[in-house]
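The file start_32.cif contains mmCIF, C-alpha atoms:
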```
data_run
#
loop_
_atom_site.label_atom_id
_atom_site.label_comp_id
_atom_site.auth_asym_id
_atom_site.auth_seq_id
_atom_site.Cartn_x
_atom_site.Cartn_y
_atom_site.Cartn_z
CA MET B 25 154.97 163.97 47.74
CA HIS B 26 155.74 167.53 46.61
CA LYS B 27 154.79 167.94 42.93
CA LYS B 28 157.95 169.83 42.03
CA LEU B 29 160.18 167.16 43.55
CA PHE B 30 158.21 164.42 41.82
CA ALA B 31 158.66 166.22 38.49
CA VAL B 32 162.42 166.47 39.06
CA LEU B 33 162.60 162.75 39.85
CA MET B 34 160.63 161.95 36.73
CA LEU B 35 162.97 164.01 34.56
CA ALA B 36 165.93 162.23 36.08
CA PHE B 37 164.28 158.88 35.45
CA PHE B 38 163.60 159.50 31.77
CA ALA B 39 167.04 161.02 31.26
CA VAL B 40 168.81 157.73 31.90
CA GLY B 41 167.92 156.31 28.50
CA CYS B 42 164.96 154.13 29.37
CA SER B 43 162.75 152.57 26.73
CA ASP B 44 159.66 154.23 25.28
CA LYS B 45 157.48 152.14 27.59
CA PRO B 46 159.32 151.88 30.92
CA SER B 47 158.10 149.22 33.31
CA LEU B 48 158.38 148.32 36.96
CA VAL B 49 158.42 144.61 37.81
CA ILE B 50 157.21 143.90 41.33
CA TYR B 51 157.87 140.41 42.70
CA THR B 52 155.66 139.56 45.69
CA TRP B 53 152.42 137.84 46.69
CA SER B 54 149.16 138.68 44.95
CA GLY B 55 146.88 141.40 46.26
CA MET B 56 149.47 143.66 47.87
CA PHE B 57 148.26 147.00 46.47
CA PRO B 58 144.83 148.46 45.69
CA ALA B 59 144.01 148.93 42.02
CA GLU B 60 143.77 152.70 42.40
CA VAL B 61 147.35 152.91 43.64
CA ILE B 62 148.62 150.84 40.72
CA SER B 63 146.64 152.80 38.13
CA GLY B 64 147.43 156.12 39.81
CA PHE B 65 151.15 155.44 39.67
CA GLU B 66 150.97 154.32 36.05
CA ASN B 67 148.96 157.40 35.05
CA ASP B 68 151.19 159.82 36.95
CA THR B 69 154.50 158.40 35.76
CA GLY B 70 153.85 156.59 32.48
CA ILE B 71 155.56 153.54 34.00
CA ARG B 72 153.73 150.27 33.50
CA ILE B 73 153.62 147.96 36.55
CA ARG B 74 154.01 144.25 35.97
CA TYR B 75 153.28 141.83 38.79
CA VAL B 76 155.11 138.55 39.25
CA ASN B 77 153.86 136.47 42.18
CA PHE B 78 155.52 133.83 44.32
CA ASP B 79 153.88 131.35 46.68
CA TYR B 80 156.54 131.02 49.36
CA ASN B 81 159.39 133.25 50.53
CA GLU B 82 161.80 130.42 49.83
CA THR B 83 160.70 130.35 46.19
CA MET B 84 161.59 134.02 45.88
CA LEU B 85 165.00 133.51 47.49
CA ALA B 86 165.84 130.56 45.24
CA ARG B 87 164.89 132.49 42.12
CA LEU B 88 166.89 135.58 43.06
CA THR B 89 169.87 133.36 43.83
CA SER B 90 169.73 131.40 40.58
CA GLU B 91 169.00 134.21 38.13
CA ARG B 92 172.11 136.17 37.25
CA ARG B 93 170.27 138.58 35.00
CA GLY B 94 168.06 140.94 36.94
CA ASN B 95 164.35 140.34 36.32
CA TYR B 96 162.75 142.20 39.22
CA ASP B 97 162.86 145.83 40.29
CA LEU B 98 161.14 145.60 43.66
CA VAL B 99 160.49 142.68 45.99
CA ILE B 100 158.26 142.48 49.08
CA ALA B 101 158.75 139.50 51.39
CA ASP B 102 158.72 138.42 55.03
CA ASP B 103 161.26 139.48 57.62
CA TYR B 104 163.05 136.17 58.22
CA ILE B 105 163.82 135.62 54.54
CA LEU B 106 165.08 139.21 54.23
CA GLU B 107 167.91 138.31 56.58
CA ASN B 108 169.08 135.69 54.04
CA VAL B 109 168.57 138.06 51.12
CA ILE B 110 170.82 140.68 52.70
CA LEU B 111 173.46 138.20 53.87
CA GLU B 112 173.69 136.75 50.35
CA GLY B 113 174.16 140.18 48.77
CA LEU B 114 170.89 140.02 46.84
CA ALA B 115 169.62 143.46 47.90
CA GLN B 116 171.10 146.87 47.20
CA LYS B 117 171.37 149.60 49.79
CA ILE B 118 168.52 152.09 49.85
CA ASP B 119 169.46 155.69 49.07
CA ILE B 120 167.03 157.46 51.39
CA THR B 121 167.82 160.82 49.78
CA ARG B 122 165.73 159.58 46.85
CA LEU B 123 162.69 159.05 49.09
CA SER B 124 161.11 162.35 50.09
CA ASN B 125 158.52 160.48 52.19
CA TYR B 126 161.02 158.30 54.07
CA GLY B 127 160.24 160.12 57.32
CA ASN B 128 156.68 158.76 57.20
CA ILE B 129 157.89 155.32 58.33
CA ASN B 130 157.03 154.32 61.89
CA PRO B 131 160.41 153.85 63.65
CA PHE B 132 158.94 150.97 65.68
CA TYR B 133 159.24 148.85 62.54
CA GLN B 134 162.84 149.77 61.84
CA GLN B 135 166.19 148.51 63.14
CA GLN B 136 164.87 144.96 63.22
CA PHE B 137 166.98 141.80 63.29
CA TYR B 138 166.97 141.34 59.52
CA ASP B 139 168.16 144.91 58.78
CA PRO B 140 169.46 146.44 62.03
CA THR B 141 170.83 149.58 60.37
CA ASP B 142 167.90 150.12 57.97
CA GLU B 143 170.19 150.08 54.94
CA TYR B 144 168.25 147.71 52.68
CA THR B 145 164.54 147.60 53.45
CA ILE B 146 161.34 149.63 53.73
CA PRO B 147 158.69 148.07 56.05
CA TYR B 148 155.35 147.50 54.35
CA GLY B 149 152.77 145.96 56.66
CA ALA B 150 153.09 144.02 59.90
CA GLY B 151 151.14 141.20 61.46
CA VAL B 152 150.44 139.41 64.70
CA GLN B 153 149.08 135.87 64.86
CA THR B 154 145.94 136.18 66.97
CA ILE B 155 143.06 134.02 68.14
CA VAL B 156 139.65 134.96 66.79
CA TYR B 157 136.49 133.27 68.01
CA ASP B 158 132.73 133.34 68.01
CA GLN B 159 131.64 133.07 71.64
CA ASP B 160 128.15 132.00 70.61
CA LEU B 161 129.78 128.88 69.19
CA THR B 162 132.55 128.29 71.74
CA GLY B 163 130.24 128.87 74.69
CA MET B 164 133.17 130.22 76.68
CA PRO B 165 135.75 133.00 76.58
CA ILE B 166 139.18 132.26 75.14
CA ARG B 167 142.24 134.01 76.50
CA GLY B 168 145.11 131.96 75.15
CA TYR B 169 146.30 128.86 73.35
CA THR B 170 145.59 126.64 76.37
CA ASP B 171 141.87 127.33 76.03
CA LEU B 172 141.93 125.84 72.54
CA LEU B 173 142.49 122.41 74.11
CA HIS B 174 139.02 122.44 75.71
CA PRO B 175 136.92 119.31 74.92
CA ALA B 176 134.08 121.57 73.76
CA LEU B 177 136.24 122.57 70.81
CA VAL B 178 136.89 119.10 69.37
CA ASN B 179 136.92 119.40 65.57
CA ARG B 180 136.03 123.12 65.85
CA ILE B 181 139.34 124.97 65.42
CA GLY B 182 141.04 126.32 62.30
CA ILE B 183 144.72 127.24 62.12
CA ILE B 184 146.99 128.75 59.52
CA ASP B 185 149.35 126.52 57.56
CA ASN B 186 152.56 127.93 59.04
CA TYR B 187 154.74 125.50 60.94
CA ARG B 188 156.84 128.10 62.79
CA VAL B 189 153.74 129.89 64.07
CA ILE B 190 151.81 126.77 65.09
CA ASN B 191 154.79 124.82 66.43
CA GLY B 192 155.66 128.06 68.19
CA MET B 193 152.22 128.02 69.80
CA ALA B 194 153.29 124.92 71.76
CA LEU B 195 156.67 126.46 72.56
CA LYS B 196 155.02 129.55 74.02
CA MET B 197 152.71 127.37 76.12
CA MET B 198 155.86 125.77 77.55
CA GLY B 199 157.33 129.19 78.34
CA GLN B 200 159.93 128.81 75.58
CA SER B 201 161.02 131.06 72.73
CA TYR B 202 159.75 130.75 69.17
CA ASN B 203 163.39 130.92 68.15
CA THR B 204 164.96 128.23 70.30
CA ASN B 205 167.52 125.96 68.65
CA ASP B 206 167.41 123.39 71.45
CA PRO B 207 166.35 120.10 69.80
CA ASP B 208 165.05 118.59 73.05
CA VAL B 209 162.81 121.60 73.67
CA ILE B 210 161.50 121.49 70.09
CA ARG B 211 160.76 117.75 70.37
CA ARG B 212 158.83 118.26 73.61
CA ALA B 213 156.88 121.05 71.95
CA GLY B 214 156.02 118.65 69.13
CA GLU B 215 154.63 116.13 71.62
CA TYR B 216 152.57 118.88 73.23
CA LEU B 217 151.33 120.11 69.87
CA ARG B 218 149.90 116.70 69.01
CA THR B 219 147.46 117.02 71.92
CA PHE B 220 145.73 119.70 69.83
CA ALA B 221 145.09 117.32 66.92
CA PRO B 222 141.55 116.20 67.92
CA ASN B 223 140.38 119.82 68.07
CA ILE B 224 141.70 120.79 64.62
CA ARG B 225 139.15 120.90 61.83
CA LEU B 226 141.06 122.93 59.22
CA ILE B 227 144.66 123.85 58.43
CA ARG B 228 144.83 126.36 55.60
CA ASP B 229 146.33 129.70 54.63
CA ASP B 230 143.70 130.65 52.09
CA ARG B 231 140.63 132.51 53.41
CA LEU B 232 140.43 130.73 56.74
CA ASP B 233 138.33 133.69 57.90
CA ASP B 234 135.54 132.59 55.56
CA GLU B 235 135.21 129.34 57.49
CA LEU B 236 134.83 131.23 60.77
CA LEU B 237 132.25 133.57 59.27
CA ALA B 238 130.31 130.59 57.90
CA GLY B 239 130.29 128.85 61.29
CA GLU B 240 132.33 125.89 60.03
CA ILE B 241 134.79 126.54 62.87
CA SER B 242 134.29 128.21 66.25
CA ALA B 243 137.77 129.63 66.76
CA ALA B 244 140.92 130.14 64.71
CA VAL B 245 144.56 131.16 64.88
CA MET B 246 144.83 133.57 61.96
CA TYR B 247 146.97 136.13 60.18
CA THR B 248 146.23 139.82 60.65
CA ASP B 249 144.63 140.31 57.23
CA MET B 250 142.21 137.45 57.92
CA VAL B 251 141.37 138.95 61.30
CA THR B 252 140.68 142.32 59.68
CA ARG B 253 138.33 140.84 57.09
CA ALA B 254 136.48 138.79 59.71
CA LYS B 255 136.05 141.73 62.09
CA MET B 256 134.83 144.02 59.34
CA GLU B 257 132.19 141.45 58.42
CA ARG B 258 131.24 140.62 62.02
CA PRO B 259 132.43 143.14 64.62
CA GLU B 260 131.09 140.98 67.46
CA LEU B 261 133.83 138.38 66.93
CA GLN B 262 136.38 138.32 69.73
CA VAL B 263 140.08 138.95 68.97
CA VAL B 264 142.70 137.87 71.49
CA PHE B 265 146.45 138.40 71.80
CA PRO B 266 147.28 134.95 73.27
CA ALA B 267 148.23 135.15 76.94
CA GLU B 268 151.14 132.74 76.44
CA GLY B 269 152.93 134.96 73.95
CA ILE B 270 152.65 136.90 70.72
CA GLY B 271 154.39 136.10 67.44
CA PHE B 272 155.06 139.23 65.47
CA GLY B 273 156.22 139.67 61.87
CA ILE B 274 156.98 142.43 59.38
CA MET B 275 156.88 142.47 55.59
CA ALA B 276 159.35 144.74 53.86
CA ALA B 277 160.35 145.88 50.40
CA PHE B 278 163.84 145.83 48.91
CA ILE B 279 165.44 146.58 45.57
CA PRO B 280 167.37 143.56 44.22
CA SER B 281 171.07 144.11 43.69
CA ASN B 282 170.67 143.47 39.95
CA ALA B 283 167.35 145.30 39.49
CA PRO B 284 167.09 146.45 35.86
CA ASN B 285 165.02 149.51 36.74
CA ALA B 286 165.87 150.65 40.27
CA ASP B 287 164.82 154.20 39.35
CA ALA B 288 161.23 153.07 38.90
CA ALA B 289 161.41 151.18 42.19
CA TYR B 290 162.40 154.37 44.02
CA LEU B 291 159.53 156.26 42.41
CA PHE B 292 157.04 153.61 43.45
CA LEU B 293 158.37 153.36 47.00
CA ASP B 294 158.05 157.10 47.45
CA TYR B 295 154.59 156.99 45.90
CA ILE B 296 153.23 154.50 48.45
CA LEU B 297 155.11 156.15 51.34
CA ASP B 298 152.83 159.16 50.89
CA ALA B 299 150.69 159.37 54.04
CA GLU B 300 147.26 159.23 52.40
CA ARG B 301 148.20 156.65 49.79
CA GLY B 302 149.82 154.51 52.48
CA ALA B 303 146.60 154.56 54.47
CA GLY B 304 144.72 153.31 51.42
CA CYS B 305 147.27 150.55 50.96
CA PHE B 306 146.94 149.30 54.53
CA GLU B 307 143.14 149.45 54.44
CA TYR B 308 143.29 147.26 51.35
CA LEU B 309 146.06 144.99 52.61
CA GLY B 310 144.53 144.41 56.04
CA TYR B 311 147.87 144.43 57.85
CA TYR B 312 149.09 146.87 60.48
CA SER B 313 150.23 150.23 59.14
CA THR B 314 154.01 150.62 59.18
CA PHE B 315 153.85 154.31 58.24
CA SER B 316 153.06 156.45 61.28
CA ALA B 317 152.12 159.35 59.00
CA SER B 318 149.39 157.17 57.47
CA ASP B 319 147.72 156.25 60.76
CA PRO B 320 145.56 159.42 61.06
CA TYR B 321 144.27 158.89 57.50
CA ILE B 322 143.07 155.35 58.12
CA ASN B 323 139.29 155.21 58.33
CA GLU B 324 138.14 155.10 61.94
CA GLU B 325 136.19 151.97 61.09
CA TYR B 326 139.48 150.21 60.33
CA ARG B 327 141.86 151.96 62.68
CA ASP B 328 141.54 149.58 65.64
CA PHE B 329 142.50 146.68 63.40
CA LEU B 330 145.28 148.37 61.41
CA THR B 331 147.25 150.15 64.12
CA LEU B 332 148.81 148.39 67.10
CA PRO B 333 147.59 149.06 70.64
CA GLU B 334 149.66 151.75 72.37
CA ASP B 335 150.99 149.25 74.92
CA PHE B 336 151.80 146.52 72.38
CA TRP B 337 155.55 147.03 72.56
CA GLY B 338 155.38 146.69 76.32
CA PHE B 339 154.22 143.08 76.11
CA THR B 340 157.14 141.10 77.51
CA SER B 341 155.91 137.95 75.75
CA MET B 342 156.05 139.53 72.27
CA GLU B 343 158.68 138.02 69.96
CA MET B 344 159.74 138.44 66.38
CA ILE B 345 159.84 135.01 64.74
CA GLN B 346 163.37 134.67 63.40
CA ASN B 347 165.54 132.15 61.56
CA VAL B 348 166.68 129.03 63.41
CA ASN B 349 169.55 126.67 62.58
CA ASP B 350 169.28 123.78 60.11
CA GLU B 351 168.74 121.11 62.78
CA ALA B 352 165.94 123.08 64.41
CA ARG B 353 164.32 123.79 61.05
CA SER B 354 164.40 120.09 60.09
CA LEU B 355 162.83 119.14 63.40
CA HIS B 356 160.10 121.73 62.95
CA ASN B 357 159.31 120.37 59.49
CA LEU B 358 159.13 116.79 60.77
CA ILE B 359 156.92 117.79 63.70
CA TRP B 360 154.62 119.75 61.39
CA THR B 361 154.22 116.84 58.98
CA GLU B 362 153.39 114.46 61.83
CA PHE B 363 150.98 116.93 63.40
CA LYS B 364 149.06 117.51 60.17
CA SER B 365 148.74 113.79 59.70
CA ALA B 366 147.47 113.36 63.29
CA ALA B 367 144.93 116.14 62.64
CA GLY B 368 143.72 114.39 59.48
CA GLN B 369 145.05 117.06 57.15
#
```

Spit out the file's structure as structure tokens when you get a sec.
Amino acid sequence: MHKKLFAVLMLAFFAVGCSDKPSLVIYTWSGMFPAEVISGFENDTGIRIRYVNFDYNETMLARLTSERRGNYDLVIADDYILENVILEGLAQKIDITRLSNYGNINPFYQQQFYDPTDEYTIPYGAGVQTIVYDQDLTGMPIRGYTDLLHPALVNRIGIIDNYRVINGMALKMMGQSYNTNDPDVIRRAGEYLRTFAPNIRLIRDDRLDDELLAGEISAAVMYTDMVTRAKMERPELQVVFPAEGIGFGIMAAFIPSNAPNADAAYLFLDYILDAERGAGCFEYLGYYSTFSASDPYINEEYRDFLTLPEDFWGFTSMEMIQNVNDEARSLHNLIWTEFKSAAGQ
């Protein structure tokens, strides 16, 4: 960001009558920014950053809905919940004239279903659910979800604790969409999913990659950040975009409609949109870079894991996982509960 412009923005910020110790309250998951970015912003601006964490996107939505007084200045959450946030009027429109680095965003991650006109959100990290495996332990190559049913993998597979992704695994194997609302199709997918139960050893969202690295499991369906950590530790691990279909997701930032300090939120957004700082953020985060200007600054050692393949958007089986209706969501929850029980989880 140009130093003169940053100085002008800072003068404007302090001219609005803020307190002696201005703060920026960021509401998101833990571990979203490297310490040097947080401290650098605080040192450069004099604005103290305060983190408030949530466990699930739904927790964030419920809190924003119930709290009339604004408590958060910037929120980062997953794409599907952002659709609800915007529809319920909980986000304010982004004034892109206040973001000198706005042009650094990769347009591939814009105009998505949750914000088709890019009025409310700034993409910050993207992920693809992939299969990662140790061929020394599987004894065979894996190309898709179907291979995970092999008898050699009984009690040897780990999966993330995300019912839409894992139920969707069965849907994709049936040639169906992640986002179908057809109850009969979802029920059939649930029956198919239960055939995986004997092969499942672990269902967890927390550090599933550690179990693969330790040899406790032979293969896993994991989030992008887990894949990145695993590959950096053991480059020989195999990473596969499942042949049956790819589930794709984007995280994005928004400023709540009742944010008490939106000025600080704009300053922070522009700070991380800087090309070099953004690269540092994505290296730390372990998700795909959503700032095209940052891609050249990402260490070559990380670049293959943090930037999408050039032909990714040509995959006809790639889908964004979106919201489904209430009946479909209830069915998914029931199927997931039954599946976890069948898998001994």

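Applied to the file shown here, the PyMOL selection byres ((chain B and resi 136) around 12) selects the residues Asp103, Tyr104, Leu106, Glu107, Pro131, Phe132, Tyr133, Gln134, Gln135, Phe137, Tyr138, Asp139, Pro140, Thr141, Asp142, Glu143, Tyr144, Thr145, Ile146, Pro147, Phe272, Gly273, Ile274, Met275, Ala276, Glu343, Met344, Ile345 and Gln346 of chain B.
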
Name the residues that the PyMOL selection byres ((chain B and resi 246-251) around 8) pulls out of this structure, and write them as an mmCIF file with C-alpha atoms, keeping the file's coordinate frame.
```
data_model
loop_
_atom_site.group_PDB
_atom_site.id
_atom_site.type_symbol
_atom_site.label_atom_id
_atom_site.label_comp_id
_atom_site.auth_asym_id
_atom_site.auth_seq_id
_atom_site.Cartn_x
_atom_site.Cartn_y
_atom_site.Cartn_z
ATOM 1 C CA GLY B 151 151.140 141.200 61.460
ATOM 2 C CA VAL B 152 150.440 139.410 64.700
ATOM 3 C CA GLN B 153 149.080 135.870 64.860
ATOM 4 C CA THR B 154 145.940 136.180 66.970
ATOM 5 C CA ILE B 155 143.060 134.020 68.140
ATOM 6 C CA VAL B 156 139.650 134.960 66.790
ATOM 7 C CA ILE B 183 144.720 127.240 62.120
ATOM 8 C CA ILE B 184 146.990 128.750 59.520
ATOM 9 C CA ARG B 231 140.630 132.510 53.410
ATOM 10 C CA LEU B 232 140.430 130.730 56.740
ATOM 11 C CA ASP B 233 138.330 133.690 57.900
ATOM 12 C CA ALA B 244 140.920 130.140 64.710
ATOM 13 C CA VAL B 245 144.560 131.160 64.880
ATOM 14 C CA THR B 252 140.680 142.320 59.680
ATOM 15 C CA ARG B 253 138.330 140.840 57.090
ATOM 16 C CA ALA B 254 136.480 138.790 59.710
ATOM 17 C CA LYS B 255 136.050 141.730 62.090
ATOM 18 C CA VAL B 263 140.080 138.950 68.970
ATOM 19 C CA LEU B 309 146.060 144.990 52.610
ATOM 20 C CA GLY B 310 144.530 144.410 56.040
ATOM 21 C CA TYR B 311 147.870 144.430 57.850
ATOM 22 C CA TYR B 312 149.090 146.870 60.480
#
```

When the PyMOL selection byres ((chain B and resi 216) around 12) is applied to the structure above, which residues does it catch, written out as a ChimeraX atom specification? /B:169-170,173,190-198,209-215,217-221,359,363

Output for the residues just chosen: C-alpha atoms as a PDB file, keeping the file's coordinate frame:
```
ATOM      1  CA  TYR B 169     146.300 128.860  73.350  1.00  0.00           C
ATOM      2  CA  THR B 170     145.590 126.640  76.370  1.00  0.00           C
ATOM      3  CA  LEU B 173     142.490 122.410  74.110  1.00  0.00           C
ATOM      4  CA  ILE B 190     151.810 126.770  65.090  1.00  0.00           C
ATOM      5  CA  ASN B 191     154.790 124.820  66.430  1.00  0.00           C
ATOM      6  CA  GLY B 192     155.660 128.060  68.190  1.00  0.00           C
ATOM      7  CA  MET B 193     152.220 128.020  69.800  1.00  0.00           C
ATOM      8  CA  ALA B 194     153.290 124.920  71.760  1.00  0.00           C
ATOM      9  CA  LEU B 195     156.670 126.460  72.560  1.00  0.00           C
ATOM     10  CA  LYS B 196     155.020 129.550  74.020  1.00  0.00           C
ATOM     11  CA  MET B 197     152.710 127.370  76.120  1.00  0.00           C
ATOM     12  CA  MET B 198     155.860 125.770  77.550  1.00  0.00           C
ATOM     13  CA  VAL B 209     162.810 121.600  73.670  1.00  0.00           C
ATOM     14  CA  ILE B 210     161.500 121.490  70.090  1.00  0.00           C
ATOM     15  CA  ARG B 211     160.760 117.750  70.370  1.00  0.00           C
ATOM     16  CA  ARG B 212     158.830 118.260  73.610  1.00  0.00           C
ATOM     17  CA  ALA B 213     156.880 121.050  71.950  1.00  0.00           C
ATOM     18  CA  GLY B 214     156.020 118.650  69.130  1.00  0.00           C
ATOM     19  CA  GLU B 215     154.630 116.130  71.620  1.00  0.00           C
ATOM     20  CA  LEU B 217     151.330 120.110  69.870  1.00  0.00           C
ATOM     21  CA  ARG B 218     149.900 116.700  69.010  1.00  0.00           C
ATOM     22  CA  THR B 219     147.460 117.020  71.920  1.00  0.00           C
ATOM     23  CA  PHE B 220     145.730 119.700  69.830  1.00  0.00           C
ATOM     24  CA  ALA B 221     145.090 117.320  66.920  1.00  0.00           C
ATOM     25  CA  ILE B 359     156.920 117.790  63.700  1.00  0.00           C
ATOM     26  CA  PHE B 363     150.980 116.930  63.400  1.00  0.00           C
TER      27      PHE B 363
END
```

Which residue, B:Gly271, B:Gly149, B:Pro284, B:Gly368, has the smallest gap to Ala303 in chain B when you use all atoms listed in the file? B:Gly149

Residue neighbourhood Phe78 in chain B, 8 Å, all atoms listed in the file, exclusion window fewer than 4 positions, as number ranges by chain: B: 51-53, 83-84

In Å and to one decimal, CA of Phe265 in chain B is distant from CA of Met342 in chain B by 9.7 Å

Edge lengths and centre in Å to one decimal, as AutoDock Vina command-line options, of the axis-aligned box that encloses all listed atoms of range 258-263 of chain B with 6 Å added on every side?
```
--center_x 135.6 --center_y 140.7 --center_z 65.9 --size_x 21.0 --size_y 16.8 --size_z 19.7
```

For Asn205 in chain B, list every protein, DNA or RNA residue within 10 Å, evaluated using only C-alpha atoms, and leave out those in the same chain fewer than 6 positions away; present the list as an MDAnalysis selection string. chainID B and resid 347:353 355

Please write the residues from the selection above to a file, keeping C-alpha atoms, as a CSV table (one decimal), in the frame of the given file.
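See selection.csv below for the written result:
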```csv
chain,number,residue,atom,x,y,z
B,347,ASN,CA,165.5,132.2,61.6
B,348,VAL,CA,166.7,129.0,63.4
B,349,ASN,CA,169.6,126.7,62.6
B,350,ASP,CA,169.3,123.8,60.1
B,351,GLU,CA,168.7,121.1,62.8
B,352,ALA,CA,165.9,123.1,64.4
B,353,ARG,CA,164.3,123.8,61.0
B,355,LEU,CA,162.8,119.1,63.4
```

Neighbouring residues of Leu237 in chain B were defined as those with any atom within 9 Å, considering all atoms listed in the file; residues of the same chain fewer than 6 positions away were excluded. Please report them as an MDAnalysis selection string. chainID B and resid 158 254 257:258

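With distances taken over all atoms listed in the file, B:Met256 is the one residue among B:Met56, B:Ala288, B:Met256, B:Ala150 lying closest to Asp328 in chain B.
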
Find the distance between CA of His356 in chain B and CA of Ala243 in chain B and write it in Å to one decimal. 24.0 Å

Given only C-alpha atoms as the basis, pick out the residue of B:Tyr290, B:Tyr187, B:Arg74, B:Ala277 nearest to Ile100 in chain B. B:Ala277

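Shortest separation to Arg225 in chain B among B:His174, B:Lys364, B:Arg122, B:Arg188 occurs at residue B:Lys364, atoms counted being all atoms listed in the file.
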
List the neighbours of Arg167 in chain B out to 8 Å using all atoms listed in the file; skip same-chain residues closer than 2 positions along the sequence, and give me the result as a ChimeraX atom specification. /B:165,169,171,264-267

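Distance-wise, CA of Leu332 in chain B and CA of Gln262 in chain B end up 16.2 Å apart.
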
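When only C-alpha atoms are used to compute distances to Tyr202 in chain B, the closest of the residues B:Gly64, B:Gly163, B:Gly269, B:Gly168 turns out to be B:Gly269.
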
Skip Ala86 in chain B itself and residues of its chain fewer than 4 positions away, then list as JSON, numbers by chain all residues within 12 Å of it, counting only C-alpha atoms. {"B": [78, 80, 81, 82, 90, 91, 92, 105, 108, 109, 112, 114]}

Pick out the closest residue to Pro280 in chain B from this set: B:Val99, B:Leu177, B:Val76, B:Ile62. Count only C-alpha atoms. B:Val99
